[in-house]
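> The structure that follows is given in the form of structure tokens.
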Amino acid sequence: MQFDDDARLDPSQVEDVRASGPKAGGGGGGGRGMMPGGCVLPVGGKGGGCLLLLVGVAALFLFQIVPTNFSGDEPQSPAPSASRPEPQGSPSGNLASRCRTGADADQSEDCRIVGTVNSIQAYWKQAFTGRGRTSYTPARTVLFSRAVNTACGAADSSVGPFYCPRDQKVYLDLTFFDTLQRDFGAKGGPFAQAYVIAHEYGHHVQHLLGTMNRVGNDRQGATSGAVRLELQADCYAGVWAGNAVRTGFYTQPFTQADIDEALSAASAVGDDSIQRRSQGRVVPDAFTHGTSAQREKWFSVGYKSGDPARCDTFTGGI
């Protein structure tokens, strides 16, 4: 993925709180409890329980939506990752001074995140306007290290990337991508990152459109509302990928090698793949995100069609 060197980045869409420590965050106002690993879906944006995934590693590293309230203790501070140095600097991370153009995005991981977020939101702003919907409301991405407070409660890095509907922010610890590649067998790469971020912004779109309300209490199982919601977010990620070059941030459409990075990431976090790794067997009744094949399929549907209307995972088979 190659950014247009002259594209102007908007670093205000990304908050960097990594240097602020575990108690820094983007939300505030919510519960202060520790997020259980694998606590996933909100109840239509209202307070309510959460869905517990498999214990241990099977519950980790599923990009997700978090519930809108928690209870428990303050988050502990996990040890810093050995594979990625602890960030230094001001709470803002100096993104405004470092990430100004597409050329910066090609040289820096942080600036690449900024550029990716900018492109995703530029697409959805266009899509909402073109379809006569209510205006698209931008959502910030918060880069954190180890732990963070949000309007949905406190979380640590073990939950993976997530979207909080209450403060309408995406939360991301970049060490997730090391784990995705090292422990889950994904290819890794810049476009794997882009896919994960686009998936989370898919949840933001669902929140704006009220789609989350369709899940209700149907939060677990192979054809559950929870799975359908996640697969639709995968499809929305693909839709952005198919239209990204039109946002003006990239010089050319993504290559097949880029798309393969996304498909590899999608496959690595399929429910069946994670269950097979963690417990040696697959339990469809415990699915919350969909199988590896389903996640690849729905990303591809979005990418090949470029049309969010093709992402109706709530009708018929999936």
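Letters A, B, ... go to the chains of the structure tokens in the order shown; residues in each chain start at 1; ligands are counted from 1 in the same order.
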List every residue of region 129-278 of chain A that DSSP, applied to the backbone of this structure, places in strand (DSSP E), and write the result as a ChimeraX atom specification.
/A:140-143,147-150,153-156,162-164,169-172
> Restricting the output to C-alpha atoms, write the selected residues as a CSV table (one decimal), in the first residue's frame.

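again.csv, freshly written:
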chain,number,residue,atom,x,y,z
A,140,ARG,CA,-11.2,9.1,16.7
A,141,THR,CA,-8.7,6.2,17.1
A,142,VAL,CA,-6.9,6.1,20.4
A,143,LEU,CA,-3.4,4.6,20.5
A,147,ALA,CA,-4.2,-0.3,29.5
A,148,VAL,CA,-6.7,2.5,28.9
A,149,ASN,CA,-9.9,4.0,30.4
A,150,THR,CA,-12.8,4.5,28.1
A,153,GLY,CA,-14.9,1.0,31.1
A,154,ALA,CA,-11.3,0.2,31.6
A,155,ALA,CA,-9.5,-2.2,29.3
A,156,ASP,CA,-6.1,-3.7,28.8
A,162,PHE,CA,-12.0,-2.5,20.0
A,163,TYR,CA,-14.7,0.0,19.4
A,164,CYS,CA,-16.6,1.8,22.3
A,169,LYS,CA,-13.8,5.8,19.6
A,170,VAL,CA,-11.6,3.0,18.3
A,171,TYR,CA,-8.9,1.8,20.7
A,172,LEU,CA,-5.7,0.2,19.5
> Can you list, as JSON, numbers by chain, every protein, DNA or RNA residue that comes within 12 Å of Val14 (chain A) when you count only C-alpha atoms, leaving out same-chain residues fewer than 5 positions away?
{"A": [9, 26, 91, 92, 93, 94, 95, 96, 99, 110, 111, 112, 113, 114, 115, 116, 117, 118, 121, 138, 139, 140, 141, 142, 143, 144, 169, 170, 171, 172, 197]}
> Emit the selected residues as a compact mmCIF listing (two decimals), in the first residue's frame, including N, CA, C and O atoms.

# COMPACT_ATOMS: atom_id res chain seq x y z
N LEU A 9 -2.45 14.79 5.63
CA LEU A 9 -2.98 13.98 6.72
C LEU A 9 -3.65 14.87 7.76
O LEU A 9 -3.28 16.03 7.94
N GLY A 26 -9.31 7.82 26.31
CA GLY A 26 -10.01 8.73 25.44
C GLY A 26 -11.41 9.00 25.87
O GLY A 26 -12.05 9.88 25.35
N PRO A 91 1.94 13.15 25.82
CA PRO A 91 0.69 12.40 25.65
C PRO A 91 0.13 12.49 24.24
O PRO A 91 -0.57 11.59 23.79
N SER A 92 0.39 13.57 23.53
CA SER A 92 -0.13 13.69 22.17
C SER A 92 0.67 12.85 21.18
O SER A 92 0.24 12.60 20.07
N GLY A 93 1.86 12.39 21.61
CA GLY A 93 2.71 11.62 20.72
C GLY A 93 3.30 12.44 19.58
O GLY A 93 3.94 11.92 18.70
N ASN A 94 3.07 13.77 19.61
CA ASN A 94 3.60 14.65 18.56
C ASN A 94 3.15 14.24 17.16
O ASN A 94 3.85 14.47 16.18
N LEU A 95 1.99 13.63 17.05
CA LEU A 95 1.50 13.22 15.73
C LEU A 95 1.31 14.43 14.82
O LEU A 95 1.54 14.35 13.62
N ALA A 96 0.88 15.53 15.39
CA ALA A 96 0.59 16.71 14.58
C ALA A 96 1.85 17.23 13.88
O ALA A 96 1.79 17.72 12.75
N CYS A 99 3.22 13.79 11.45
CA CYS A 99 2.38 13.15 10.44
C CYS A 99 1.60 14.21 9.66
O CYS A 99 0.47 14.54 10.00
N ASP A 110 3.20 5.03 12.94
CA ASP A 110 2.19 5.91 13.53
C ASP A 110 1.49 6.73 12.46
O ASP A 110 0.25 6.88 12.47
N CYS A 111 2.27 7.29 11.55
CA CYS A 111 1.67 8.13 10.50
C CYS A 111 0.86 7.29 9.52
O CYS A 111 -0.13 7.76 8.95
N ARG A 112 1.27 6.02 9.32
CA ARG A 112 0.47 5.12 8.48
C ARG A 112 -0.90 4.88 9.11
O ARG A 112 -1.92 4.83 8.41
N ILE A 113 -0.94 4.76 10.44
CA ILE A 113 -2.22 4.61 11.12
C ILE A 113 -3.08 5.85 10.88
O ILE A 113 -4.27 5.77 10.58
N VAL A 114 -2.46 7.03 11.01
CA VAL A 114 -3.19 8.28 10.77
C VAL A 114 -3.75 8.31 9.35
O VAL A 114 -4.93 8.61 9.13
N GLY A 115 -2.91 7.98 8.37
CA GLY A 115 -3.35 8.00 6.99
C GLY A 115 -4.46 7.00 6.71
O GLY A 115 -5.40 7.29 5.96
N THR A 116 -4.36 5.82 7.31
CA THR A 116 -5.39 4.81 7.14
C THR A 116 -6.71 5.27 7.72
O THR A 116 -7.77 5.15 7.08
N VAL A 117 -6.68 5.81 8.93
CA VAL A 117 -7.89 6.34 9.56
C VAL A 117 -8.48 7.45 8.71
O VAL A 117 -9.71 7.51 8.49
N ASN A 118 -7.65 8.35 8.22
CA ASN A 118 -8.13 9.44 7.38
C ASN A 118 -8.85 8.91 6.14
O ASN A 118 -9.93 9.40 5.77
N GLN A 121 -12.28 7.19 6.97
CA GLN A 121 -13.34 8.14 7.32
C GLN A 121 -13.73 9.01 6.12
O GLN A 121 -14.89 9.39 5.98
N PRO A 138 -17.45 11.65 12.47
CA PRO A 138 -16.11 11.08 12.59
C PRO A 138 -15.87 10.48 13.97
O PRO A 138 -16.44 10.92 14.98
N ALA A 139 -15.03 9.46 14.00
CA ALA A 139 -14.65 8.79 15.25
C ALA A 139 -13.13 8.79 15.34
O ALA A 139 -12.44 8.51 14.36
N ARG A 140 -12.62 9.10 16.49
CA ARG A 140 -11.17 9.08 16.67
C ARG A 140 -10.68 7.68 17.00
O ARG A 140 -11.40 6.87 17.59
N THR A 141 -9.44 7.43 16.61
CA THR A 141 -8.72 6.24 17.06
C THR A 141 -7.79 6.66 18.19
O THR A 141 -7.10 7.68 18.09
N VAL A 142 -7.78 5.87 19.26
CA VAL A 142 -6.91 6.13 20.41
C VAL A 142 -5.81 5.08 20.43
O VAL A 142 -6.10 3.88 20.53
N LEU A 143 -4.57 5.51 20.33
CA LEU A 143 -3.43 4.62 20.46
C LEU A 143 -3.03 4.56 21.93
O LEU A 143 -2.74 5.61 22.53
N PHE A 144 -3.05 3.37 22.51
CA PHE A 144 -2.70 3.24 23.92
C PHE A 144 -1.68 2.14 24.11
O PHE A 144 -1.44 1.32 23.21
N LYS A 169 -15.24 5.81 19.84
CA LYS A 169 -13.81 5.80 19.57
C LYS A 169 -13.33 4.37 19.35
O LYS A 169 -13.87 3.42 19.92
N VAL A 170 -12.31 4.25 18.51
CA VAL A 170 -11.62 2.98 18.28
C VAL A 170 -10.36 2.98 19.13
O VAL A 170 -9.63 3.98 19.16
N TYR A 171 -10.11 1.86 19.81
CA TYR A 171 -8.94 1.76 20.70
C TYR A 171 -7.99 0.70 20.16
O TYR A 171 -8.41 -0.39 19.79
N LEU A 172 -6.70 1.04 20.16
CA LEU A 172 -5.72 0.19 19.51
C LEU A 172 -4.38 0.24 20.23
O LEU A 172 -3.80 1.32 20.40
N ILE A 197 -8.20 -1.98 11.43
CA ILE A 197 -8.74 -0.65 11.71
C ILE A 197 -10.04 -0.43 10.95
O ILE A 197 -11.03 0.09 11.51
> Excluding Thr291 (chain A) and its own-chain neighbours fewer than 3 positions away, which residues fall within 12 Å of it when counting only C-alpha atoms? Please give them as a PyMOL selection string.
chain A and resi 221-223+227-228+230-231+234+266-276+282-288+294-298+318
> Between CA of Gln168 (chain A) and CA of Gln206 (chain A), what is the distance in Å, rounded to a tenth?
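CA of Gln206 (chain A) lies at a distance of 11.1 Å from CA of Gln168 (chain A).
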> Taking only C-alpha atoms into account, which of A:Cys152, A:Gly280, A:Ala233, A:Ser145 comes nearest Ser20 (chain A)?
A:Ser145
> Which residues in region 94-251 of chain A does DSSP call alpha helix (DSSP H)? List them as a short mmCIF file (atom, residue, chain, number, x, y, z; two decimals) with N, CA, C and O atoms, in the first residue's frame.

data_model
loop_
_atom_site.label_atom_id
_atom_site.label_comp_id
_atom_site.auth_asym_id
_atom_site.auth_seq_id
_atom_site.Cartn_x
_atom_site.Cartn_y
_atom_site.Cartn_z
N LEU A 95 1.99 13.63 17.05
CA LEU A 95 1.50 13.22 15.73
C LEU A 95 1.31 14.43 14.82
O LEU A 95 1.54 14.35 13.62
N ALA A 96 0.88 15.53 15.39
CA ALA A 96 0.59 16.71 14.58
C ALA A 96 1.85 17.23 13.88
O ALA A 96 1.79 17.72 12.75
N SER A 97 2.99 17.11 14.55
CA SER A 97 4.23 17.60 13.95
C SER A 97 4.91 16.55 13.08
O SER A 97 5.67 16.89 12.16
N ARG A 98 4.63 15.27 13.34
CA ARG A 98 5.32 14.20 12.62
C ARG A 98 4.54 13.68 11.42
O ARG A 98 5.12 13.14 10.48
N GLY A 102 1.30 12.21 3.07
CA GLY A 102 1.38 10.80 2.72
C GLY A 102 2.80 10.28 2.74
O GLY A 102 3.04 9.10 3.02
N ALA A 103 3.77 11.14 2.43
CA ALA A 103 5.17 10.72 2.50
C ALA A 103 5.53 10.29 3.93
O ALA A 103 6.27 9.32 4.12
N ASP A 104 5.01 11.00 4.92
CA ASP A 104 5.24 10.61 6.31
C ASP A 104 4.59 9.25 6.60
O ASP A 104 5.14 8.43 7.33
N ALA A 105 3.42 9.01 6.02
CA ALA A 105 2.71 7.75 6.24
C ALA A 105 3.47 6.56 5.66
O ALA A 105 3.38 5.44 6.17
N ASP A 106 4.24 6.80 4.62
CA ASP A 106 5.04 5.73 4.03
C ASP A 106 6.29 5.42 4.85
O ASP A 106 6.91 4.37 4.67
N GLN A 107 6.66 6.33 5.75
CA GLN A 107 7.90 6.17 6.49
C GLN A 107 7.70 5.79 7.96
O GLN A 107 8.64 5.31 8.60
N GLU A 109 5.11 4.05 11.09
CA GLU A 109 3.94 3.26 11.43
C GLU A 109 2.84 4.13 12.02
O GLU A 109 1.66 3.99 11.67
N ASP A 110 3.20 5.03 12.94
CA ASP A 110 2.19 5.91 13.53
C ASP A 110 1.49 6.73 12.46
O ASP A 110 0.25 6.88 12.47
N CYS A 111 2.27 7.29 11.55
CA CYS A 111 1.67 8.13 10.50
C CYS A 111 0.86 7.29 9.52
O CYS A 111 -0.13 7.76 8.95
N ARG A 112 1.27 6.02 9.32
CA ARG A 112 0.47 5.12 8.48
C ARG A 112 -0.90 4.88 9.11
O ARG A 112 -1.92 4.83 8.41
N ILE A 113 -0.94 4.76 10.44
CA ILE A 113 -2.22 4.61 11.12
C ILE A 113 -3.08 5.85 10.88
O ILE A 113 -4.27 5.77 10.58
N VAL A 114 -2.46 7.03 11.01
CA VAL A 114 -3.19 8.28 10.77
C VAL A 114 -3.75 8.31 9.35
O VAL A 114 -4.93 8.61 9.13
N GLY A 115 -2.91 7.98 8.37
CA GLY A 115 -3.35 8.00 6.99
C GLY A 115 -4.46 7.00 6.71
O GLY A 115 -5.40 7.29 5.96
N THR A 116 -4.36 5.82 7.31
CA THR A 116 -5.39 4.81 7.14
C THR A 116 -6.71 5.27 7.72
O THR A 116 -7.77 5.15 7.08
N VAL A 117 -6.68 5.81 8.93
CA VAL A 117 -7.89 6.34 9.56
C VAL A 117 -8.48 7.45 8.71
O VAL A 117 -9.71 7.51 8.49
N ASN A 118 -7.65 8.35 8.22
CA ASN A 118 -8.13 9.44 7.38
C ASN A 118 -8.85 8.91 6.14
O ASN A 118 -9.93 9.40 5.77
N SER A 119 -8.27 7.91 5.48
CA SER A 119 -8.87 7.37 4.27
C SER A 119 -10.19 6.67 4.56
O SER A 119 -11.18 6.85 3.84
N ILE A 120 -10.22 5.87 5.62
CA ILE A 120 -11.44 5.16 5.98
C ILE A 120 -12.57 6.14 6.23
O ILE A 120 -13.70 5.97 5.74
N GLN A 121 -12.28 7.19 6.97
CA GLN A 121 -13.34 8.14 7.32
C GLN A 121 -13.73 9.01 6.12
O GLN A 121 -14.89 9.39 5.98
N ALA A 122 -12.76 9.29 5.25
CA ALA A 122 -13.10 10.03 4.03
C ALA A 122 -14.07 9.21 3.18
O ALA A 122 -15.03 9.75 2.61
N TYR A 123 -13.82 7.89 3.10
CA TYR A 123 -14.74 7.05 2.32
C TYR A 123 -16.14 7.06 2.92
O TYR A 123 -17.13 7.26 2.20
N TRP A 124 -16.23 6.82 4.24
CA TRP A 124 -17.57 6.71 4.84
C TRP A 124 -18.31 8.04 4.82
O TRP A 124 -19.54 8.07 4.70
N LYS A 125 -17.58 9.14 4.89
CA LYS A 125 -18.24 10.44 4.74
C LYS A 125 -18.86 10.56 3.36
O LYS A 125 -20.02 10.99 3.21
N GLN A 126 -18.11 10.14 2.33
CA GLN A 126 -18.64 10.16 0.97
C GLN A 126 -19.83 9.21 0.82
O GLN A 126 -20.84 9.54 0.17
N ALA A 127 -19.71 8.02 1.41
CA ALA A 127 -20.76 7.00 1.26
C ALA A 127 -22.06 7.46 1.90
O ALA A 127 -23.15 7.27 1.34
N PHE A 128 -21.97 8.05 3.09
CA PHE A 128 -23.18 8.53 3.76
C PHE A 128 -23.82 9.65 2.96
O PHE A 128 -25.04 9.68 2.79
N THR A 129 -23.02 10.56 2.44
CA THR A 129 -23.55 11.68 1.66
C THR A 129 -24.20 11.18 0.37
O THR A 129 -25.30 11.60 0.00
N GLY A 130 -23.54 10.23 -0.28
CA GLY A 130 -24.05 9.74 -1.56
C GLY A 130 -25.32 8.93 -1.45
O GLY A 130 -26.06 8.81 -2.42
N THR A 175 0.89 -3.30 19.77
CA THR A 175 1.51 -4.60 20.02
C THR A 175 0.61 -5.75 19.60
O THR A 175 1.06 -6.88 19.45
N PHE A 176 -0.68 -5.47 19.41
CA PHE A 176 -1.60 -6.49 18.93
C PHE A 176 -1.12 -7.12 17.63
O PHE A 176 -1.24 -8.33 17.42
N PHE A 177 -0.57 -6.30 16.76
CA PHE A 177 -0.17 -6.82 15.44
C PHE A 177 1.03 -7.76 15.55
O PHE A 177 1.16 -8.68 14.75
N ASP A 178 1.90 -7.53 16.53
CA ASP A 178 2.98 -8.49 16.77
C ASP A 178 2.40 -9.84 17.18
O ASP A 178 2.83 -10.89 16.70
N THR A 179 1.43 -9.81 18.07
CA THR A 179 0.82 -11.04 18.57
C THR A 179 0.05 -11.75 17.47
O THR A 179 0.08 -12.98 17.36
N LEU A 180 -0.66 -10.99 16.65
CA LEU A 180 -1.44 -11.57 15.56
C LEU A 180 -0.54 -12.38 14.64
O LEU A 180 -0.89 -13.48 14.19
N GLN A 181 0.65 -11.86 14.38
CA GLN A 181 1.57 -12.54 13.49
C GLN A 181 2.31 -13.68 14.19
O GLN A 181 2.41 -14.79 13.67
N ARG A 182 2.79 -13.42 15.40
CA ARG A 182 3.62 -14.39 16.11
C ARG A 182 2.82 -15.58 16.62
O ARG A 182 3.22 -16.74 16.47
N ASP A 183 1.68 -15.31 17.23
CA ASP A 183 0.94 -16.36 17.93
C ASP A 183 -0.22 -16.94 17.13
O ASP A 183 -0.67 -18.05 17.42
N PHE A 184 -0.72 -16.20 16.15
CA PHE A 184 -1.90 -16.65 15.44
C PHE A 184 -1.62 -16.96 13.97
O PHE A 184 -2.53 -17.32 13.23
N PRO A 190 1.49 -4.06 6.63
CA PRO A 190 0.71 -2.83 6.75
C PRO A 190 -0.77 -3.00 6.45
O PRO A 190 -1.62 -2.39 7.10
N PHE A 191 -1.10 -3.84 5.47
CA PHE A 191 -2.52 -3.94 5.13
C PHE A 191 -3.28 -4.80 6.12
O PHE A 191 -4.50 -4.66 6.26
N ALA A 192 -2.61 -5.69 6.83
CA ALA A 192 -3.27 -6.38 7.94
C ALA A 192 -3.72 -5.37 8.98
O ALA A 192 -4.82 -5.46 9.53
N GLN A 193 -2.86 -4.39 9.26
CA GLN A 193 -3.24 -3.31 10.17
C GLN A 193 -4.44 -2.53 9.64
O GLN A 193 -5.38 -2.24 10.38
N ALA A 194 -4.37 -2.21 8.36
CA ALA A 194 -5.45 -1.42 7.76
C ALA A 194 -6.78 -2.17 7.84
O ALA A 194 -7.83 -1.57 8.11
N TYR A 195 -6.75 -3.48 7.59
CA TYR A 195 -7.98 -4.29 7.67
C TYR A 195 -8.58 -4.24 9.07
O TYR A 195 -9.79 -4.06 9.24
N VAL A 196 -7.74 -4.41 10.09
CA VAL A 196 -8.24 -4.41 11.47
C VAL A 196 -8.87 -3.06 11.81
O VAL A 196 -9.95 -2.99 12.39
N ILE A 197 -8.20 -1.98 11.43
CA ILE A 197 -8.74 -0.65 11.71
C ILE A 197 -10.04 -0.43 10.95
O ILE A 197 -11.03 0.09 11.51
N ALA A 198 -10.08 -0.84 9.69
CA ALA A 198 -11.31 -0.67 8.90
C ALA A 198 -12.45 -1.49 9.48
O ALA A 198 -13.62 -1.07 9.42
N HIS A 199 -12.15 -2.67 10.02
CA HIS A 199 -13.17 -3.49 10.68
C HIS A 199 -13.78 -2.74 11.86
O HIS A 199 -15.00 -2.70 12.03
N GLU A 200 -12.93 -2.11 12.67
CA GLU A 200 -13.45 -1.37 13.83
C GLU A 200 -14.29 -0.18 13.40
O GLU A 200 -15.30 0.14 14.02
N TYR A 201 -13.87 0.48 12.34
CA TYR A 201 -14.70 1.58 11.83
C TYR A 201 -15.99 1.06 11.22
O TYR A 201 -17.00 1.79 11.17
N GLY A 202 -15.98 -0.18 10.78
CA GLY A 202 -17.24 -0.81 10.37
C GLY A 202 -18.23 -0.86 11.52
O GLY A 202 -19.43 -0.65 11.34
N HIS A 203 -17.72 -1.12 12.73
CA HIS A 203 -18.59 -1.10 13.90
C HIS A 203 -19.12 0.31 14.18
O HIS A 203 -20.26 0.48 14.61
N HIS A 204 -18.28 1.31 13.93
CA HIS A 204 -18.75 2.69 14.11
C HIS A 204 -19.90 2.99 13.15
O HIS A 204 -20.91 3.60 13.53
N VAL A 205 -19.76 2.55 11.92
CA VAL A 205 -20.83 2.73 10.94
C VAL A 205 -22.10 2.02 11.41
O VAL A 205 -23.22 2.57 11.33
N GLN A 206 -21.96 0.81 11.92
CA GLN A 206 -23.11 0.07 12.45
C GLN A 206 -23.77 0.83 13.59
O GLN A 206 -25.00 0.85 13.70
N HIS A 207 -22.96 1.44 14.43
CA HIS A 207 -23.51 2.23 15.53
C HIS A 207 -24.31 3.41 15.01
O HIS A 207 -25.43 3.68 15.47
N LEU A 208 -23.75 4.11 14.03
CA LEU A 208 -24.44 5.28 13.47
C LEU A 208 -25.75 4.89 12.79
O LEU A 208 -26.73 5.65 12.83
N LEU A 209 -25.77 3.72 12.16
CA LEU A 209 -26.96 3.27 11.43
C LEU A 209 -27.96 2.54 12.32
O LEU A 209 -29.05 2.18 11.86
N GLY A 225 -26.78 -13.19 16.02
CA GLY A 225 -26.67 -11.79 15.64
C GLY A 225 -25.27 -11.26 15.85
O GLY A 225 -24.81 -10.40 15.10
N ALA A 226 -24.59 -11.76 16.87
CA ALA A 226 -23.22 -11.32 17.14
C ALA A 226 -22.31 -11.66 15.96
O ALA A 226 -21.54 -10.81 15.49
N VAL A 227 -22.39 -12.87 15.47
CA VAL A 227 -21.58 -13.29 14.33
C VAL A 227 -21.94 -12.46 13.10
O VAL A 227 -21.06 -12.00 12.36
N ARG A 228 -23.21 -12.26 12.86
CA ARG A 228 -23.64 -11.49 11.69
C ARG A 228 -23.13 -10.05 11.75
O ARG A 228 -22.75 -9.46 10.74
N LEU A 229 -23.11 -9.47 12.95
CA LEU A 229 -22.60 -8.11 13.12
C LEU A 229 -21.11 -8.05 12.79
O LEU A 229 -20.65 -7.13 12.09
N GLU A 230 -20.36 -9.02 13.28
CA GLU A 230 -18.91 -9.03 13.03
C GLU A 230 -18.60 -9.25 11.55
O GLU A 230 -17.70 -8.63 10.99
N LEU A 231 -19.33 -10.15 10.92
CA LEU A 231 -19.09 -10.41 9.50
C LEU A 231 -19.45 -9.19 8.65
O LEU A 231 -18.80 -8.91 7.64
N GLN A 232 -20.46 -8.46 9.07
CA GLN A 232 -20.79 -7.24 8.34
C GLN A 232 -19.66 -6.21 8.48
O GLN A 232 -19.33 -5.51 7.51
N ALA A 233 -19.06 -6.13 9.67
CA ALA A 233 -17.93 -5.22 9.85
C ALA A 233 -16.76 -5.63 8.96
O ALA A 233 -16.03 -4.78 8.43
N ASP A 234 -16.55 -6.94 8.79
CA ASP A 234 -15.52 -7.41 7.86
C ASP A 234 -15.86 -6.98 6.43
O ASP A 234 -14.98 -6.56 5.66
N CYS A 235 -17.12 -7.09 6.07
CA CYS A 235 -17.55 -6.69 4.72
C CYS A 235 -17.35 -5.19 4.52
O CYS A 235 -16.86 -4.75 3.47
N TYR A 236 -17.70 -4.40 5.52
CA TYR A 236 -17.49 -2.95 5.43
C TYR A 236 -16.01 -2.62 5.28
O TYR A 236 -15.65 -1.68 4.57
N ALA A 237 -15.14 -3.39 5.95
CA ALA A 237 -13.71 -3.19 5.78
C ALA A 237 -13.31 -3.43 4.33
O ALA A 237 -12.50 -2.68 3.75
N GLY A 238 -13.88 -4.46 3.74
CA GLY A 238 -13.60 -4.74 2.33
C GLY A 238 -14.12 -3.65 1.41
O GLY A 238 -13.47 -3.30 0.41
N VAL A 239 -15.29 -3.11 1.72
CA VAL A 239 -15.85 -2.03 0.91
C VAL A 239 -14.90 -0.83 0.89
O VAL A 239 -14.63 -0.24 -0.17
N TRP A 240 -14.40 -0.47 2.08
CA TRP A 240 -13.42 0.63 2.10
C TRP A 240 -12.21 0.29 1.23
O TRP A 240 -11.76 1.12 0.43
N ALA A 241 -11.69 -0.93 1.38
CA ALA A 241 -10.50 -1.33 0.61
C ALA A 241 -10.75 -1.18 -0.89
O ALA A 241 -9.86 -0.76 -1.64
N GLY A 242 -11.94 -1.52 -1.34
CA GLY A 242 -12.27 -1.43 -2.75
C GLY A 242 -12.40 -0.01 -3.25
O GLY A 242 -12.33 0.25 -4.46
N ASN A 243 -12.61 0.93 -2.34
CA ASN A 243 -12.81 2.33 -2.72
C ASN A 243 -11.69 3.24 -2.24
O ASN A 243 -11.74 4.46 -2.49
#
> One decimal, in Å: what's the spacing between CA of Arg146 (chain A) and CA of Ser108 (chain A)?
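We find that CA of Arg146 (chain A) and CA of Ser108 (chain A) lie 20.9 Å from each other.
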